[in-house]
Structures are given as structure tokens and as C-alpha cells.
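**Q** Below is one structure. I have some questions about it.
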Protein chains: 2
Amino acid sequence: MSTSPLFERIRKGARSTAERKVASVLLEGYPTRALSTVEALAKQASVSAPTVLRFVAKIGYPRFADFQAAAIADVERQLGSPLNNIRSAVQAEKPDHIYQQTLLLQAEALQTAAAQAMPVEFDVIVDLLINPKITIKLLGGRYSQNLAQRLALQLGQLRPSVFFAPLTLGFTYDALVDAGPQDCFVIFDYRRYQAELLNFARGAKRSGARICLFTDTWRSPIAEYSDAVLTSPDSSTSPFGSRVVPTAQIEAIVAAVSLRTHDRSRERLARIEELRKLDDDAPSSGKDEAE
Amino acid sequence: MSTSPLFERIRKGARSTAERKVASVLLEGYPTRALSTVEALAKQASVSAPTVLRFVAKIGYPRFADFQAAAIADVERQLGSPLNNIRSAVQAEKPDHIYQQTLLLQAEALQTAAAQAMPVEFDVIVDLLINPKITIKLLGGRYSQNLAQRLALQLGQLRPSVFFAPLTLGFTYDALVDAGPQDCFVIFDYRRYQAELLNFARGAKRSGARICLFTDTWRSPIAEYSDAVLTSPDSSTSPFGSRVVPTAQIEAIVAAVSLRTHDRSRERLARIEELRKLDDDAPSSGKDEAE
DNA sequence: GTCAATATGTAATAAAGAATACAAATGATG
DNA sequence: CATCATTTGTATTCTTTATTACATATTGAC
């Protein structure tokens, strides 16, 4: 068990009798007792207020407020990720509100997806996506274009040759004209599969291009032509299917790609930031706050 | 184990807009944020100090010190709870693959979001969105436009007068020209908040329009001008923030709106289907739909 | 739209608490 | 046991923080 630095400082910092009293009191009720006031502590330790002040100053906190801040930070650390306890409490008794219900339902969907995941499929996709010789083209159906767009947006920051092919008014086929083995199509197709997409996939496959498919558990017919498929269980309260799991999948992909390409993508991101700054300076740029 | 009474009091005690802001801030950082000062809290929630005082008074703590004492007691209770250790032990065994890890991480994020959720905020938003007299305009930042778009897409099927306002090249302000009390702006703004959006929100507020904000726990400055705010905790493996929780939130909103409008939206959906069929049969660009 | 009721913010006030100066006590060393 | 250094306490000042009183804005009912 690792003790906190603050805890150690208190233990080791006490030299004289009065200070040891203070330290014991603090350690006995660690860390919550540190959250009270100087005078309360002084009284509990049967010493004077200045003694307490001097002690915390000696262990590295010139102002009592600093000391308290450190204590609070420690409390947060000990509580672990902020809401562990409350989370488990909420899980125990199902909440009544539709908002919470929906979120929890999706949480379960994610856990299911994780449980039945096929890492191999995932890896195949990532391997394709990090290959700089391959051009990535993304597209999706009426309601899944969004996903394609999002993945395109993020992937486009990590590597070159990423294109989003909007599925509007037959323009889609433009992307197919010069498709070849050097291309990888990432297709999102969920229930109410669109024939247009299937046609497209067939054409792509014929041209020798790779296909990665994101679909639901019922599996779009495109699966047949795909090199790798990621499926997501769909449990949803909404009249439209849920896109929470797909969103998480996308982020997982991005995370993996980002990891694997590390240096290159890092540098790329930096360059993009540079360019953006130039553009943003026309209007006043966004402030970038960390509290 | 039951959730702490204090936690529940905070969640349920908030009635007005300003009080809801305070409650959100408290719940987001529960319980440690309650250990800071009245003014700090007021600032974080973009309200005045007395509002904070009045709120804690309302939920049963006539003096702020009482409230803090309760919070500290809660911290002690949580730290003392053996469940904590068990839980962290269970959490220790992680799956090995980044894909599964990411999904599970997001599952946790959703649970956290559910735990600290403020159904009141949610309800306020839904109330606005089902009001047929109100025009809904949605917009978002560079990377959150997607979310706006998705919500627009789905909402647009359930009710009329829904518009997506793309944030491109200053065109955004077109949506602001004739904004008034009959308008509700739904804004998505996550870390690396964009000044442009903030300006926009200010303008919107001035015109008397309502504002619903989706943001992260750091809270976009727009929160100050918003009638309702939904926050999402951000834990993410990817170099970009995660949008899983926001996605789930959107779906929850859609589900709720759909429930509340029931008949009207059902009929509307049917009509849309009809029209789509007509359209799909015309172009020769491929038969579009396979059910 | 107008008015009453309720919320919210501003600014002044009161209280609590932290920091400081200085004096008293303690303890070590010759 | 005298002297210096160190520790501790008392009393005071200064800051921060909570609280209250009052003005303004917002909301909801008619």
C-alpha cells in the first residue's frame, strides 16, 4: 500500500513535542481532520494555533490554505476515480429517470460489446489504417454518415490521405471511379441497410480495394465483401438505433492508430495546430482554459 | 449501500436555474468540491455567493459550515467504506486489448455520468424541445458539430422547425440575425472552447433566446448564459476528447422527446417515410432502399 | 400586456480564521 | 547556573469568508 506524500511529510516532519502532538492528531484522523480549521486542530492537539501553523509551514506549506488544498487532493486520490462509491450505489438501485436509464443501458451495451469483442478484427482494421501507402475513404448511410465523418475528422489529423465521401445524390460513386488495391473503404452500415451502400461495396471490392465495415449484430450484407467487421449490439430506447457503441469503437480505433503511429501523428497534429492558429487569428482565438 | 443523503438533497433540492447550476457543480465534483469556499463555488457555477448560500440553506443547512461538515462526514464515510477497496481490487483486472479497454472505459464514463446526472436539467431541455412554438437551432464547435448534426437529424424527424447551423466561415451568425425569445439554441462546446461559440451564445442570450448547453465537466464559459446544461465526464484514451457520453445524452434526449410527443412524432415519421420512398424511386442512381 | 411573486445579484457588514509580533518558557552547553 | 538558541504560547492585526439587507431582474398568472 502506497502512502501519500503528504502523509509521509506529516509523519517525518514532527520534531518537537508540540509538533508531534499536532502530527499525531492529523495522522489519527487522516485525511479528513486536516480539513478543519487551525484552531480546531490546535485545540484537539492541546497546542496553540501558531504551533499548528508553524508545523504545516515546516513540512512545506507556507500557507495553511496550501496544506488544506493538498489534503483535499489526497482525499480525491483516495476516493479513487471521483465517483466510485456513488457509482456503485446507483448501480445497485436502478434509477427512475429516463436520462439515467438510457446512459446505464448504453454502459451495459458497451460492456457487452467489450465482452464479445474480436480483437483480431480490430487489429486488422488498425493495420490497414496505419499503412501510409493506403488511401482511406469513409462513408456511411443516412444516419451513419456522422460516424464516418467523425472518424474521417480524427483520422485525418493523424495521417494523410483520408477522405470522407458524403452519400448525397449519387455523388458517392465519384469515390469509386479510381478505386484500386491501394484504397481502403471504411463503411458504416446499420439496420435499414441501404442498397446504395451495398452496390458501392460490391464495386469497391471488384476494384480490389479493401473494405472495413462497422455494422450491427444483424450484419449488413456488406459483411460478405469486407476484410474486417466490427459489430455493435443495439439496445436502444430511442426510435432510431443507438450509435453509442459505434462511437466508442471509433474512438478505440483512433486511440490505437494514434498509439501505433505515435511520432508521425504527433508531429502532424502539431503542424495542424500551427496552421489553425494562423487561420484563427483573424477572429480572436479561443481561450484555452485549464482550471 | 444507499447514496448519501447529502448527495440526494443536492440533486433534488435544485429548483431554479441558478440553483441548478450550483447543484451541478457540486455533484460533478462530489464530494470534494463542497469543501471549498462559497465564493469559489459561486464562481464555478457562474452565480453569486448568496445564491449558493440560499441553496445550501434550502436543502437543510442553515449555515454553510453545517453543509461543509456534512460533506466532510460523507467523505469519511466513503473513505471508511470497505466496499471501496474491494471495488478497486475488482477493477484491477483489466482486459488486455486496447479495444476492450476503451469500450470498458467508456462504459464507466457513462456510469459516472448517470450517477452524477441532474434529471432536472435534462427535463428542462426536453420541455424546450417538445414545445412546438419554439424553433430549435443546433450548433457546435469544430469537433462537436457532429453531435449537433446528429441531434438535428433525429429531432428533425420528430418535430418541425429544427435547424442545424453549421459553424463555417462566419456563416454561423446568419442564424443569429432573427433570433428571439421563440428560439432555442442547442450548443455543443467541449474543451478547447471556441471563442466564436461564446460570442454567439452571448448574442443569442441578449436576443432573449434560450440556450441549452452540452459541455464537459470543465464547463464551457457558455454555461453562464445557458438555461440548462448537461455535462459529461471526459475520460479518454484518444488524443481527442471522447464523445461517447454526449452521444448517449443525445439519444436520451431523443428518446424522451419521442416519448413525450408520441402521436405527433409517430405520424410525422410515417410521413417522412412516405416522402422518402417517392424520392428513392425517381433517381436512377441506384435503387436506394432495401428494408 | 400588467402586476404580484419569486429569483438573483450587488454591495455592505459581521464573523471567523489565518498570520504575525512579541514575550515567556524550555532546554542545551559551557 | 548563566547564556544562548529553540520552542511554545498570548494577544493582536490582517485577511478571508460567510452572512445580511436591499435593489434589480425574471417569471408566471390573470
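Here, A, B, ... name the chains of the C-alpha cells in the order displayed, residue numbers run from 1 inside each chain, and ligands are numbered from 1 in the same displayed order.
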Sorted by chain and rising residue number, list the residues of region 3-28 of chain C at most 10 Å from region 5-21 of chain D (counting only C-alpha atoms (C1' of nucleotides)), each with its closest atom pair and distance in Å to one decimal, as CSV.

**A**
residue,atom,partner,partner_atom,distance
C:DA11,C1',D:DA21,C1',9.4
C:DA12,C1',D:DA21,C1',8.3
C:DT13,C1',D:DT20,C1',7.4
C:DA14,C1',D:DT19,C1',7.2
C:DA15,C1',D:DA18,C1',7.3
C:DA16,C1',D:DT17,C1',7.6
C:DG17,C1',D:DT16,C1',7.6
C:DA18,C1',D:DT15,C1',7.3
C:DA19,C1',D:DC14,C1',7.5
C:DT20,C1',D:DT13,C1',7.5
C:DA21,C1',D:DT12,C1',8.3
C:DC22,C1',D:DT10,C1',9.1
C:DA23,C1',D:DT10,C1',8.1
C:DA24,C1',D:DG9,C1',7.6
C:DA25,C1',D:DT8,C1',7.3
C:DT26,C1',D:DT7,C1',7.1
C:DG27,C1',D:DT6,C1',8.0
C:DA28,C1',D:DA5,C1',8.4

**Q** For a quick check: superposing chain A on chain B using all C-alpha atoms in order, what RMSD comes out?

**A** 21.8 Å

**Q** What residues in chain A have any atom no more than 9 Å from chain D when counting only C-alpha atoms (C1' of nucleotides), and can you write them as a list of chain:residue names?

**A**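 Taking only C-alpha atoms (C1' of nucleotides) into account, A:Ser16, A:Ala18, A:Val47, A:Ser48, A:Ala49, A:Pro50, A:Thr51 sit within 9 Å of chain D.
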
**Q** Near chain C, meaning an atom within 10 Å, which residues of chain A appear when counting only C-alpha atoms (C1' of nucleotides)? Write them as JSON, numbers by chain.

**A** {"A": [37, 38, 39, 49, 50, 53, 63, 64, 65]}

**Q** Using DSSP on the backbone, list every residue of region 57-266 of chain A that comes out as helix (DSSP H, G or I), and give them as a VMD selection string.

**A** chain A and resid 57 to 58 64 to 78 84 to 92 98 to 115 119 to 130 145 to 158 171 to 177 195 to 206 221 to 225 244 to 266

**Q** Within 7 Å of region 146-156 of chain A, counting only C-alpha atoms (C1' of nucleotides), which residues show up once you throw out same-chain ones fewer than 5 positions away? Write them as a VMD selection string, please.

**A** (chain A and resid 138 to 140 162 to 164 188 247 250 254) or (chain B and resid 146 150)

**Q** Which of these, B:Gly180, B:Pro233, B:Gly203, B:Pro119, has the shortest distance to chain A once you count only C-alpha atoms?

**A**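 For chain A, the nearest of the candidates is B:Pro119.
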
**Q** List the spatial neighbours of Pro95 (chain B) as a PyMOL selection string - criterion: any atom at most 12 Å away, only C-alpha atoms (C1' of nucleotides), same-chain residues fewer than 5 positions off excluded.

**A** (chain A and resi 111+114-115+117+119) or (chain B and resi 90+100-105)

**Q** Go ahead and write the selection's residues with N, CA and C atoms as a PDB file, in the first residue's frame.

**A**
ATOM      1  N   GLN A 111     -20.320  -2.755 -22.311  1.00  0.00           N
ATOM      2  CA  GLN A 111     -19.703  -3.903 -21.642  1.00  0.00           C
ATOM      3  C   GLN A 111     -19.945  -5.178 -22.436  1.00  0.00           C
ATOM      4  N   ALA A 114     -17.657  -5.161 -25.317  1.00  0.00           N
ATOM      5  CA  ALA A 114     -16.292  -5.481 -24.898  1.00  0.00           C
ATOM      6  C   ALA A 114     -16.153  -6.982 -24.671  1.00  0.00           C
ATOM      7  N   ALA A 115     -17.185  -7.550 -24.065  1.00  0.00           N
ATOM      8  CA  ALA A 115     -17.119  -8.975 -23.741  1.00  0.00           C
ATOM      9  C   ALA A 115     -17.047  -9.829 -24.998  1.00  0.00           C
ATOM     10  N   ALA A 117     -16.099  -8.910 -27.927  1.00  0.00           N
ATOM     11  CA  ALA A 117     -15.252  -8.289 -28.934  1.00  0.00           C
ATOM     12  C   ALA A 117     -14.306  -9.283 -29.584  1.00  0.00           C
ATOM     13  N   PRO A 119     -10.824  -8.925 -30.931  1.00  0.00           N
ATOM     14  CA  PRO A 119      -9.661  -8.063 -31.108  1.00  0.00           C
ATOM     15  C   PRO A 119      -8.969  -8.244 -32.457  1.00  0.00           C
TER      16      PRO A 119
ATOM     17  N   VAL B  90     -11.380  -5.245  -7.743  1.00  0.00           N
ATOM     18  CA  VAL B  90     -12.069  -5.845  -8.875  1.00  0.00           C
ATOM     19  C   VAL B  90     -11.702  -5.115 -10.158  1.00  0.00           C
ATOM     20  N   GLN B 100     -10.968  -3.462 -26.087  1.00  0.00           N
ATOM     21  CA  GLN B 100     -11.842  -3.738 -24.951  1.00  0.00           C
ATOM     22  C   GLN B 100     -11.662  -2.701 -23.854  1.00  0.00           C
ATOM     23  N   GLN B 101     -10.428  -2.335 -23.647  1.00  0.00           N
ATOM     24  CA  GLN B 101     -10.157  -1.327 -22.616  1.00  0.00           C
ATOM     25  C   GLN B 101     -10.934  -0.041 -22.884  1.00  0.00           C
ATOM     26  N   THR B 102     -10.852   0.390 -24.108  1.00  0.00           N
ATOM     27  CA  THR B 102     -11.537   1.633 -24.450  1.00  0.00           C
ATOM     28  C   THR B 102     -13.033   1.520 -24.212  1.00  0.00           C
ATOM     29  N   LEU B 103     -13.613   0.426 -24.677  1.00  0.00           N
ATOM     30  CA  LEU B 103     -15.056   0.268 -24.512  1.00  0.00           C
ATOM     31  C   LEU B 103     -15.429   0.277 -23.032  1.00  0.00           C
ATOM     32  N   LEU B 104     -14.663  -0.437 -22.230  1.00  0.00           N
ATOM     33  CA  LEU B 104     -14.988  -0.506 -20.814  1.00  0.00           C
ATOM     34  C   LEU B 104     -14.801   0.848 -20.134  1.00  0.00           C
ATOM     35  N   LEU B 105     -13.760   1.529 -20.563  1.00  0.00           N
ATOM     36  CA  LEU B 105     -13.524   2.861 -20.004  1.00  0.00           C
ATOM     37  C   LEU B 105     -14.729   3.751 -20.257  1.00  0.00           C
TER      38      LEU B 105
END

**Q** Please, what distance in Å, to one decimal, runs between CA of Ala228 (chain B) and CA of Glu121 (chain B)?

**A**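 Straight-line distance from CA of Ala228 (chain B) to CA of Glu121 (chain B) works out to 5.3 Å.
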
**Q** Check the smallest atom-to-atom distance from each of B:Lys12, B:Arg210, B:Arg191, B:His262 to chain A using only C-alpha atoms, then report the winner.

**A**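 Closest to chain A of all the choices is B:Arg191.
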
**Q** Using DSSP on the backbone coordinates, identify the residues of region 50-263 of chain A assigned to strand (DSSP E or B); present them as a PyMOL selection string.

**A** chain A and resi 135-140+162-164+183-189+194+210-216+228-232

**Q** Would you save the residues from that selection as a PDB file, in the first residue's frame, using C-alpha atoms?

**A**
ATOM      1  CA  THR A 135      -5.810   5.845 -49.084  1.00  0.00           C
ATOM      2  CA  ILE A 136      -8.704   5.820 -46.652  1.00  0.00           C
ATOM      3  CA  LYS A 137     -12.178   6.676 -47.829  1.00  0.00           C
ATOM      4  CA  LEU A 138     -15.045   6.738 -45.406  1.00  0.00           C
ATOM      5  CA  LEU A 139     -18.753   6.657 -45.973  1.00  0.00           C
ATOM      6  CA  GLY A 140     -21.992   5.703 -44.314  1.00  0.00           C
ATOM      7  CA  VAL A 162      -8.127  10.381 -45.523  1.00  0.00           C
ATOM      8  CA  PHE A 163     -11.341  11.292 -47.277  1.00  0.00           C
ATOM      9  CA  PHE A 164     -14.946  11.468 -46.284  1.00  0.00           C
ATOM     10  CA  ASP A 183      -7.665   2.062 -51.314  1.00  0.00           C
ATOM     11  CA  CYS A 184      -9.421   1.109 -48.126  1.00  0.00           C
ATOM     12  CA  PHE A 185     -13.087   1.910 -47.722  1.00  0.00           C
ATOM     13  CA  VAL A 186     -14.447   2.216 -44.252  1.00  0.00           C
ATOM     14  CA  ILE A 187     -18.188   1.759 -44.381  1.00  0.00           C
ATOM     15  CA  PHE A 188     -20.783   2.302 -41.700  1.00  0.00           C
ATOM     16  CA  ASP A 189     -23.976   0.443 -42.331  1.00  0.00           C
ATOM     17  CA  GLN A 194     -29.102   0.961 -47.746  1.00  0.00           C
ATOM     18  CA  ARG A 210     -10.119  -3.207 -49.030  1.00  0.00           C
ATOM     19  CA  ILE A 211     -13.291  -2.781 -47.045  1.00  0.00           C
ATOM     20  CA  CYS A 212     -13.721  -2.306 -43.316  1.00  0.00           C
ATOM     21  CA  LEU A 213     -17.265  -2.496 -42.088  1.00  0.00           C
ATOM     22  CA  PHE A 214     -18.972  -1.164 -38.998  1.00  0.00           C
ATOM     23  CA  THR A 215     -22.399  -2.676 -38.562  1.00  0.00           C
ATOM     24  CA  ASP A 216     -24.886  -4.009 -36.026  1.00  0.00           C
ATOM     25  CA  ALA A 228     -12.812  -6.798 -41.330  1.00  0.00           C
ATOM     26  CA  VAL A 229     -16.054  -6.218 -39.497  1.00  0.00           C
ATOM     27  CA  LEU A 230     -16.798  -4.620 -36.167  1.00  0.00           C
ATOM     28  CA  THR A 231     -20.289  -5.218 -34.867  1.00  0.00           C
ATOM     29  CA  SER A 232     -22.171  -3.474 -32.128  1.00  0.00           C
TER      30      SER A 232
END

**Q** Work out how far CA of Pro181 (chain A) is from CA of Val126 (chain A), in Å to one decimal.

**A**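 Taking CA of Val126 (chain A) as the start and CA of Pro181 (chain A) as the end point, the length is 16.9 Å.
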
**Q** Between CA of Ala201 (chain B) and CA of Gly141 (chain B), what is the distance, to one decimal in Å?

**A** 12.2 Å
